[in-house]
Amino acid sequence: MPHAADQPDFPAREAARAPTVPRLDARLTHCRACPRLVAWREQVGREGRRAYAGWDYWARPVPGFGPEDAALLVVGLAPAAHGGNRTGRMFTGDRSGDVLYAALHGIGLASQAGATHRDDGLRLHGVRVTAPVHCAPPANKPTPGERDTCRPWLAGELRLLRPTVRALVVLGAFGWQAVLPALAAAGWTVPRPRPAFAHGARITLPATDGGPDLELFGCYHVSQRNTFTGRLTPAMLTDVLSRAAGAAGLR
Ligand code: SF4
């Protein structure tokens, strides 16, 4: 019998038994385990924003986007209220996504530079984009409890991608903190003490079962705060993504 979607253990129970990435994505979109985030994502969906008048907001958890046999995984923070929470696809419909997909397109991993809505034709090649928190949080700030409640979805996604994924880029310190325990849960050895986030960091994580290593890269988040101020330039982003793509065997 399906477990109640508003219970805190819904993510752990559903993610652990999902047999494929599409099935995991489908279950994820029903999750209501974080009351504050459910209320916020739905309130934003009801109220909208004048610039998006007429949009039927997604207002649900946003699953990862990209092939289920990706060699490279890009992990952000959480969907934006009027970006992914509006369009229903990761990094789609906001400035952060414009920067990310332009960089992926520039190195041949995305079919186009723009990402405006779910049916805009964008295809990713060998790369998948996801987040440690799948619902839009107020002020882009999930609580540590919400991060931990959502972690099984990412751990499950990593488990299912494990046969093919060889490199992972984490965008920002929040994602870095969230992804390390998920990587350990999915079967890679995370050093102790845990490595600190840094832009340009590269760490090799051996598999606990003798399987292929995972190359972990750190990159500043593609937030407007970072890209407008020049803290993260397109060249810096392209450099990290290129190195990660190379480590994943995509270039
Ligand atoms: Fe579920 Fe994650 Fe959304 Fe919380 S943030 S309701 S765990 S999908």
# chains A, B, ... in the order shown; residues from 1 in each chain; ligands from 1

$ residues_near_ligand --ligand "ligand 1" --cutoff "6 Å" --atoms "only C-alpha atoms and all ligand atoms" --output "PDB file with C-alpha atoms, in the first residue's frame"
ATOM      1  CA  PRO A  11      11.054   9.983   0.870  1.00  0.00           C
ATOM      2  CA  LEU A  28       8.993  12.319  -5.908  1.00  0.00           C
ATOM      3  CA  CYS A  31       5.977  14.148  -1.907  1.00  0.00           C
ATOM      4  CA  ARG A  32       4.512  16.382   0.816  1.00  0.00           C
ATOM      5  CA  ALA A  33       6.899  15.517   3.636  1.00  0.00           C
ATOM      6  CA  CYS A  34       7.940  19.104   4.489  1.00  0.00           C
ATOM      7  CA  VAL A  38       4.549  22.405   0.666  1.00  0.00           C
ATOM      8  CA  PRO A  61       8.469  18.856  -6.089  1.00  0.00           C
ATOM      9  CA  VAL A 133      16.000  19.825  -1.908  1.00  0.00           C
ATOM     10  CA  HIS A 134      13.249  19.375  -4.485  1.00  0.00           C
ATOM     11  CA  CYS A 135      10.739  22.012  -3.372  1.00  0.00           C
ATOM     12  CA  GLU A 146      14.151  19.955   5.340  1.00  0.00           C
ATOM     13  CA  THR A 149      14.134  14.957   5.063  1.00  0.00           C
ATOM     14  CA  CYS A 150      14.704  15.344   1.320  1.00  0.00           C
TER      15      CYS A 150
END

$ residues_around --residues "Ala81 in chain A" --least-positions-apart "4" --cutoff "10 Å" --atoms "only C-alpha atoms" --output "mmCIF file with N, CA, C and O atoms, in the first residue's frame"
data_model
loop_
_atom_site.group_PDB
_atom_site.id
_atom_site.type_symbol
_atom_site.label_atom_id
_atom_site.label_comp_id
_atom_site.auth_asym_id
_atom_site.auth_seq_id
_atom_site.Cartn_x
_atom_site.Cartn_y
_atom_site.Cartn_z
ATOM 1 N N TRP A 40 4.580 26.755 1.073
ATOM 2 C CA TRP A 40 5.211 27.846 0.316
ATOM 3 C C TRP A 40 5.097 27.621 -1.188
ATOM 4 O O TRP A 40 4.706 28.517 -1.937
ATOM 5 N N ARG A 41 5.439 26.404 -1.626
ATOM 6 C CA ARG A 41 5.434 26.172 -3.075
ATOM 7 C C ARG A 41 4.026 26.360 -3.639
ATOM 8 O O ARG A 41 3.857 26.862 -4.753
ATOM 9 N N GLU A 42 3.008 25.975 -2.834
ATOM 10 C CA GLU A 42 1.631 26.085 -3.321
ATOM 11 C C GLU A 42 1.125 27.529 -3.245
ATOM 12 O O GLU A 42 0.381 27.980 -4.114
ATOM 13 N N GLN A 43 1.559 28.242 -2.202
ATOM 14 C CA GLN A 43 1.186 29.666 -2.099
ATOM 15 C C GLN A 43 1.764 30.453 -3.279
ATOM 16 O O GLN A 43 1.070 31.253 -3.914
ATOM 17 N N VAL A 44 3.033 30.213 -3.579
ATOM 18 C CA VAL A 44 3.666 30.881 -4.721
ATOM 19 C C VAL A 44 2.924 30.519 -6.008
ATOM 20 O O VAL A 44 2.692 31.373 -6.866
ATOM 21 N N GLY A 45 2.539 29.264 -6.102
ATOM 22 C CA GLY A 45 1.816 28.833 -7.295
ATOM 23 C C GLY A 45 0.464 29.520 -7.444
ATOM 24 O O GLY A 45 0.039 29.850 -8.549
ATOM 25 N N GLY A 48 1.437 33.587 -7.868
ATOM 26 C CA GLY A 48 2.182 33.880 -9.078
ATOM 27 C C GLY A 48 2.947 35.198 -8.998
ATOM 28 O O GLY A 48 3.219 35.731 -7.922
ATOM 29 N N ARG A 49 3.269 35.701 -10.159
ATOM 30 C CA ARG A 49 3.988 36.973 -10.267
ATOM 31 C C ARG A 49 3.502 37.616 -11.559
ATOM 32 O O ARG A 49 3.221 36.932 -12.530
ATOM 33 N N TYR A 57 1.255 27.330 -12.567
ATOM 34 C CA TYR A 57 2.474 26.921 -11.859
ATOM 35 C C TYR A 57 2.470 25.425 -11.554
ATOM 36 O O TYR A 57 1.447 24.861 -11.185
ATOM 37 N N ALA A 59 4.206 24.005 -8.949
ATOM 38 C CA ALA A 59 3.910 24.050 -7.503
ATOM 39 C C ALA A 59 3.992 22.692 -6.814
ATOM 40 O O ALA A 59 3.251 22.421 -5.868
ATOM 41 N N ASN A 85 9.841 25.944 -9.802
ATOM 42 C CA ASN A 85 8.521 25.763 -9.173
ATOM 43 C C ASN A 85 7.390 26.200 -10.102
ATOM 44 O O ASN A 85 6.251 25.766 -9.959
ATOM 45 N N ARG A 86 7.716 27.038 -11.055
ATOM 46 C CA ARG A 86 6.719 27.483 -12.051
ATOM 47 C C ARG A 86 6.678 26.524 -13.237
ATOM 48 O O ARG A 86 5.599 26.107 -13.675
ATOM 49 N N THR A 87 7.857 26.154 -13.733
ATOM 50 C CA THR A 87 7.914 25.395 -14.983
ATOM 51 C C THR A 87 7.914 23.888 -14.771
ATOM 52 O O THR A 87 7.635 23.131 -15.701
ATOM 53 N N ASP A 94 14.537 30.646 -15.165
ATOM 54 C CA ASP A 94 15.144 31.683 -14.327
ATOM 55 C C ASP A 94 16.566 31.977 -14.810
ATOM 56 O O ASP A 94 17.127 31.262 -15.632
ATOM 57 N N CYS A 135 11.814 21.013 -3.387
ATOM 58 C CA CYS A 135 10.739 22.012 -3.372
ATOM 59 C C CYS A 135 11.324 23.395 -3.152
ATOM 60 O O CYS A 135 12.299 23.553 -2.406
ATOM 61 N N ALA A 136 10.705 24.384 -3.769
ATOM 62 C CA ALA A 136 11.181 25.760 -3.614
ATOM 63 C C ALA A 136 11.043 26.205 -2.161
ATOM 64 O O ALA A 136 9.958 26.087 -1.594
ATOM 65 N N PRO A 137 12.118 26.685 -1.540
ATOM 66 C CA PRO A 137 12.018 27.160 -0.155
ATOM 67 C C PRO A 137 11.895 28.687 -0.097
ATOM 68 O O PRO A 137 12.398 29.384 -0.979
ATOM 69 N N PRO A 138 11.244 29.218 0.940
ATOM 70 C CA PRO A 138 11.212 30.673 1.113
ATOM 71 C C PRO A 138 12.640 31.218 1.182
ATOM 72 O O PRO A 138 13.508 30.628 1.826
ATOM 73 N N ALA A 139 12.870 32.323 0.494
ATOM 74 C CA ALA A 139 14.172 32.994 0.490
ATOM 75 C C ALA A 139 15.302 32.069 0.028
ATOM 76 O O ALA A 139 16.470 32.291 0.350
ATOM 77 N N ASN A 140 14.951 31.039 -0.710
ATOM 78 C CA ASN A 140 15.963 30.077 -1.195
ATOM 79 C C ASN A 140 16.734 29.424 -0.059
ATOM 80 O O ASN A 140 17.890 29.027 -0.242
#

$ closest_residue --among "A:Gly88, A:Pro144, A:Gly66, A:Gly156" --to "Leu124 in chain A" --atoms "only C-alpha atoms"
A:Gly66

$ closest_atom_pairs --of "range 75-98 of chain A" --to "range 170-179 of chain A" --cutoff "12 Å" --atoms "only C-alpha atoms" --output "tab-separated table"
residue	atom	partner	partner_atom	distance
A:Val75	CA	A:Val170	CA	4.8
A:Gly76	CA	A:Leu171	CA	4.9
A:Leu77	CA	A:Gly175	CA	5.3
A:Ala78	CA	A:Gly175	CA	8.8
A:Ser96	CA	A:Leu171	CA	11.0

$ residues_around --residues "Ser223 in chain A" --least-positions-apart "3" --cutoff "8 Å" --atoms "only C-alpha atoms" --output "PyMOL selection string"
chain A and resi 95-96+226-227

$ closest_residue --among "A:Glu47, A:Arg151, A:Ala131, A:Pro22" --to "Pro8 in chain A" --atoms "only C-alpha atoms"
A:Arg151

$ atom_distance --atom1 "CA of Leu122 in chain A" --atom2 "CA of His82 in chain A"
18.9 Å

$ atom_distance --atom1 "CA of Val222 in chain A" --atom2 "CA of Trp58 in chain A"
22.1 Å

$ residues_around --residues "Thr116 in chain A" --least-positions-apart "6" --cutoff "9 Å" --atoms "only C-alpha atoms" --output "list in words"
Gly83, Thr87, Thr92, Gly93, Asp94, Gly97 and Asp98 of chain A

$ residues_around --residues "Arg123 in chain A" --least-positions-apart "5" --cutoff "8 Å" --atoms "only C-alpha atoms" --output "PyMOL selection string"
chain A and resi 66+110-112

$ write_last_selection --atoms "all heavy atoms" --output "PDB file, in the first residue's frame"
ATOM      1  N   GLY A  66      17.291  15.114 -17.095  1.00  0.00           N
ATOM      2  CA  GLY A  66      18.396  14.585 -17.891  1.00  0.00           C
ATOM      3  C   GLY A  66      18.299  13.075 -17.986  1.00  0.00           C
ATOM      4  O   GLY A  66      17.434  12.453 -17.367  1.00  0.00           O
ATOM      5  N   ALA A 110      24.321  20.183 -23.886  1.00  0.00           N
ATOM      6  CA  ALA A 110      22.909  20.573 -23.948  1.00  0.00           C
ATOM      7  C   ALA A 110      22.578  20.937 -25.389  1.00  0.00           C
ATOM      8  O   ALA A 110      23.417  21.511 -26.098  1.00  0.00           O
ATOM      9  CB  ALA A 110      22.619  21.755 -23.024  1.00  0.00           C
ATOM     10  N   SER A 111      21.361  20.622 -25.816  1.00  0.00           N
ATOM     11  CA  SER A 111      20.988  20.823 -27.219  1.00  0.00           C
ATOM     12  C   SER A 111      20.767  22.284 -27.557  1.00  0.00           C
ATOM     13  O   SER A 111      20.738  22.661 -28.719  1.00  0.00           O
ATOM     14  CB  SER A 111      19.722  20.021 -27.527  1.00  0.00           C
ATOM     15  OG  SER A 111      18.640  20.492 -26.740  1.00  0.00           O
ATOM     16  N   GLN A 112      20.540  23.103 -26.537  1.00  0.00           N
ATOM     17  CA  GLN A 112      20.314  24.529 -26.755  1.00  0.00           C
ATOM     18  C   GLN A 112      20.720  25.297 -25.508  1.00  0.00           C
ATOM     19  O   GLN A 112      20.857  24.715 -24.428  1.00  0.00           O
ATOM     20  CB  GLN A 112      18.841  24.792 -27.092  1.00  0.00           C
ATOM     21  CG  GLN A 112      17.886  24.367 -25.998  1.00  0.00           C
ATOM     22  CD  GLN A 112      16.431  24.326 -26.460  1.00  0.00           C
ATOM     23  OE1 GLN A 112      16.120  23.804 -27.526  1.00  0.00           O
ATOM     24  NE2 GLN A 112      15.530  24.884 -25.652  1.00  0.00           N
TER      25      GLN A 112
END

$ closest_residue --among "A:Arg36, A:Arg23, A:His199, A:His30" --to "Phe10 in chain A" --atoms "only C-alpha atoms"
A:His30

$ atom_distance --atom1 "CA of Leu180 in chain A" --atom2 "CA of Tyr101 in chain A"
24.3 Å

$ closest_residue --among "A:Asp6, A:Asp119, A:Asp56, A:Glu157" --to "Thr20 in chain A" --atoms "only C-alpha atoms"
A:Glu157

$ closest_residue --among "A:Gly211, A:Phe197, A:Arg243, A:Trp153" --to "Asp9 in chain A" --atoms "only C-alpha atoms"
A:Trp153

$ select_by_dssp --residues "range 83-227 of chain A" --states "alpha helix (DSSP H)" --output "CSV table (one decimal) with N, CA and C atoms, in the first residue's frame"
chain,number,residue,atom,x,y,z
A,84,GLY,N,12.0,26.8,-11.4
A,84,GLY,CA,11.5,25.4,-11.4
A,84,GLY,C,10.2,25.2,-10.8
A,85,ASN,N,9.8,25.9,-9.8
A,85,ASN,CA,8.5,25.8,-9.2
A,85,ASN,C,7.4,26.2,-10.1
A,86,ARG,N,7.7,27.0,-11.1
A,86,ARG,CA,6.7,27.5,-12.1
A,86,ARG,C,6.7,26.5,-13.2
A,87,THR,N,7.9,26.2,-13.7
A,87,THR,CA,7.9,25.4,-15.0
A,87,THR,C,7.9,23.9,-14.8
A,95,ARG,N,17.1,33.0,-14.3
A,95,ARG,CA,18.5,33.5,-14.7
A,95,ARG,C,19.5,32.5,-14.4
A,96,SER,N,19.4,31.8,-13.3
A,96,SER,CA,20.4,30.8,-12.9
A,96,SER,C,20.5,29.7,-14.0
A,97,GLY,N,19.3,29.2,-14.5
A,97,GLY,CA,19.3,28.2,-15.5
A,97,GLY,C,19.8,28.7,-16.8
A,98,ASP,N,19.6,30.0,-17.1
A,98,ASP,CA,20.1,30.6,-18.3
A,98,ASP,C,21.6,30.4,-18.4
A,99,VAL,N,22.3,30.7,-17.2
A,99,VAL,CA,23.7,30.6,-17.1
A,99,VAL,C,24.2,29.2,-17.2
A,100,LEU,N,23.5,28.3,-16.5
A,100,LEU,CA,24.0,26.9,-16.4
A,100,LEU,C,23.8,26.2,-17.8
A,101,TYR,N,22.6,26.4,-18.4
A,101,TYR,CA,22.4,25.7,-19.7
A,101,TYR,C,23.2,26.3,-20.8
A,102,ALA,N,23.5,27.6,-20.7
A,102,ALA,CA,24.4,28.2,-21.8
A,102,ALA,C,25.7,27.5,-21.7
A,103,ALA,N,26.2,27.3,-20.5
A,103,ALA,CA,27.6,26.7,-20.3
A,103,ALA,C,27.5,25.3,-20.7
A,104,LEU,N,26.5,24.5,-20.4
A,104,LEU,CA,26.4,23.1,-20.9
A,104,LEU,C,26.3,23.1,-22.4
A,105,HIS,N,25.6,24.0,-23.0
A,105,HIS,CA,25.4,24.0,-24.4
A,105,HIS,C,26.8,24.3,-25.0
A,106,GLY,N,27.5,25.2,-24.4
A,106,GLY,CA,28.8,25.6,-24.9
A,106,GLY,C,29.8,24.5,-25.0
A,144,PRO,N,18.0,22.9,7.8
A,144,PRO,CA,18.7,21.7,7.9
A,144,PRO,C,17.8,20.5,8.0
A,145,GLY,N,16.7,20.6,8.7
A,145,GLY,CA,15.7,19.5,8.8
A,145,GLY,C,15.1,19.2,7.5
A,146,GLU,N,14.7,20.2,6.7
A,146,GLU,CA,14.2,20.0,5.3
A,146,GLU,C,15.2,19.3,4.4
A,147,ARG,N,16.4,19.8,4.5
A,147,ARG,CA,17.5,19.2,3.7
A,147,ARG,C,17.6,17.7,4.1
A,148,ASP,N,17.6,17.4,5.3
A,148,ASP,CA,17.7,16.0,5.7
A,148,ASP,C,16.5,15.1,5.3
A,149,THR,N,15.3,15.7,5.5
A,149,THR,CA,14.1,15.0,5.1
A,149,THR,C,14.2,14.6,3.6
A,150,CYS,N,14.7,15.5,2.8
A,150,CYS,CA,14.7,15.3,1.3
A,150,CYS,C,15.9,14.5,0.8
A,151,ARG,N,16.8,14.3,1.7
A,151,ARG,CA,18.1,13.6,1.3
A,151,ARG,C,17.8,12.2,0.6
A,152,PRO,N,16.9,11.4,1.1
A,152,PRO,CA,16.7,10.1,0.5
A,152,PRO,C,16.4,10.1,-1.0
A,153,TRP,N,15.8,11.2,-1.5
A,153,TRP,CA,15.5,11.3,-2.9
A,153,TRP,C,16.8,11.4,-3.7
A,154,LEU,N,17.7,12.2,-3.2
A,154,LEU,CA,19.0,12.3,-3.8
A,154,LEU,C,19.9,11.0,-3.7
A,155,ALA,N,19.8,10.5,-2.5
A,155,ALA,CA,20.6,9.2,-2.3
A,155,ALA,C,20.0,8.1,-3.2
A,156,GLY,N,18.7,8.1,-3.4
A,156,GLY,CA,18.1,7.1,-4.3
A,156,GLY,C,18.5,7.3,-5.7
A,157,GLU,N,18.5,8.6,-6.1
A,157,GLU,CA,18.9,9.0,-7.5
A,157,GLU,C,20.3,8.6,-7.7
A,158,LEU,N,21.2,8.8,-6.8
A,158,LEU,CA,22.6,8.4,-6.9
A,158,LEU,C,22.7,6.9,-7.0
A,159,ARG,N,22.0,6.2,-6.2
A,159,ARG,CA,22.0,4.7,-6.2
A,159,ARG,C,21.6,4.2,-7.6
A,160,LEU,N,20.6,4.8,-8.2
A,160,LEU,CA,20.2,4.3,-9.5
A,160,LEU,C,21.1,4.8,-10.6
A,161,LEU,N,21.8,5.9,-10.5
A,161,LEU,CA,22.7,6.4,-11.5
A,161,LEU,C,24.1,5.7,-11.4
A,173,ALA,N,28.0,25.8,-1.5
A,173,ALA,CA,28.3,25.1,-0.2
A,173,ALA,C,27.1,24.3,0.4
A,174,PHE,N,25.9,24.9,0.2
A,174,PHE,CA,24.8,24.1,0.7
A,174,PHE,C,24.6,22.8,0.1
A,175,GLY,N,24.7,22.8,-1.2
A,175,GLY,CA,24.6,21.5,-1.9
A,175,GLY,C,25.8,20.5,-1.5
A,176,TRP,N,26.9,21.1,-1.3
A,176,TRP,CA,28.1,20.3,-0.9
A,176,TRP,C,27.8,19.6,0.4
A,177,GLN,N,27.3,20.3,1.3
A,177,GLN,CA,27.0,19.7,2.7
A,177,GLN,C,26.0,18.7,2.5
A,178,ALA,N,25.0,18.9,1.7
A,178,ALA,CA,23.9,18.0,1.5
A,178,ALA,C,24.3,16.7,0.8
A,179,VAL,N,25.2,16.9,-0.2
A,179,VAL,CA,25.4,15.7,-1.1
A,179,VAL,C,26.4,14.7,-0.5
A,180,LEU,N,27.3,15.2,0.4
A,180,LEU,CA,28.3,14.2,0.9
A,180,LEU,C,27.6,13.0,1.7
A,181,PRO,N,26.7,13.3,2.6
A,181,PRO,CA,26.0,12.1,3.2
A,181,PRO,C,25.3,11.2,2.2
A,182,ALA,N,24.7,11.8,1.2
A,182,ALA,CA,24.0,11.1,0.1
A,182,ALA,C,24.9,10.2,-0.7
A,183,LEU,N,26.1,10.7,-0.9
A,183,LEU,CA,27.1,10.0,-1.6
A,183,LEU,C,27.6,8.8,-0.8
A,184,ALA,N,27.8,9.0,0.5
A,184,ALA,CA,28.1,7.9,1.4
A,184,ALA,C,27.0,6.8,1.4
A,185,ALA,N,25.8,7.3,1.4
A,185,ALA,CA,24.7,6.3,1.5
A,185,ALA,C,24.6,5.5,0.2
A,186,ALA,N,25.0,6.2,-0.9
A,186,ALA,CA,24.9,5.5,-2.2
A,186,ALA,C,26.1,4.6,-2.6
A,224,GLN,N,22.0,34.4,-9.2
A,224,GLN,CA,22.2,35.8,-9.7
A,224,GLN,C,23.2,36.6,-8.8
A,225,ARG,N,23.2,36.3,-7.5
A,225,ARG,CA,24.1,37.0,-6.6
A,225,ARG,C,25.5,36.7,-7.0
A,226,ASN,N,25.8,35.5,-7.4
A,226,ASN,CA,27.2,35.2,-7.8
A,226,ASN,C,27.5,35.6,-9.3
A,227,THR,N,26.6,35.4,-10.2
A,227,THR,CA,26.9,35.7,-11.6
A,227,THR,C,26.8,37.2,-11.8

$ select_by_dssp --residues "range 7-197 of chain A" --states "strand (DSSP E)" --output "PDB file with C-alpha atoms, in the first residue's frame"
ATOM      1  CA  LEU A  72      27.821  13.520 -15.083  1.00  0.00           C
ATOM      2  CA  LEU A  73      25.492  14.847 -12.393  1.00  0.00           C
ATOM      3  CA  VAL A  74      25.144  18.533 -11.549  1.00  0.00           C
ATOM      4  CA  VAL A  75      23.658  19.210  -8.109  1.00  0.00           C
ATOM      5  CA  VAL A 127      24.455  14.993 -17.958  1.00  0.00           C
ATOM      6  CA  ARG A 128      21.621  15.172 -15.463  1.00  0.00           C
ATOM      7  CA  VAL A 129      20.742  18.134 -13.245  1.00  0.00           C
ATOM      8  CA  THR A 130      19.223  17.706  -9.802  1.00  0.00           C
ATOM      9  CA  ALA A 167      31.624  12.715 -12.004  1.00  0.00           C
ATOM     10  CA  LEU A 168      29.509  15.114 -10.000  1.00  0.00           C
ATOM     11  CA  VAL A 169      29.577  18.916  -9.842  1.00  0.00           C
ATOM     12  CA  VAL A 170      28.110  20.531  -6.738  1.00  0.00           C
ATOM     13  CA  LEU A 171      26.972  24.140  -7.096  1.00  0.00           C
TER      14      LEU A 171
END
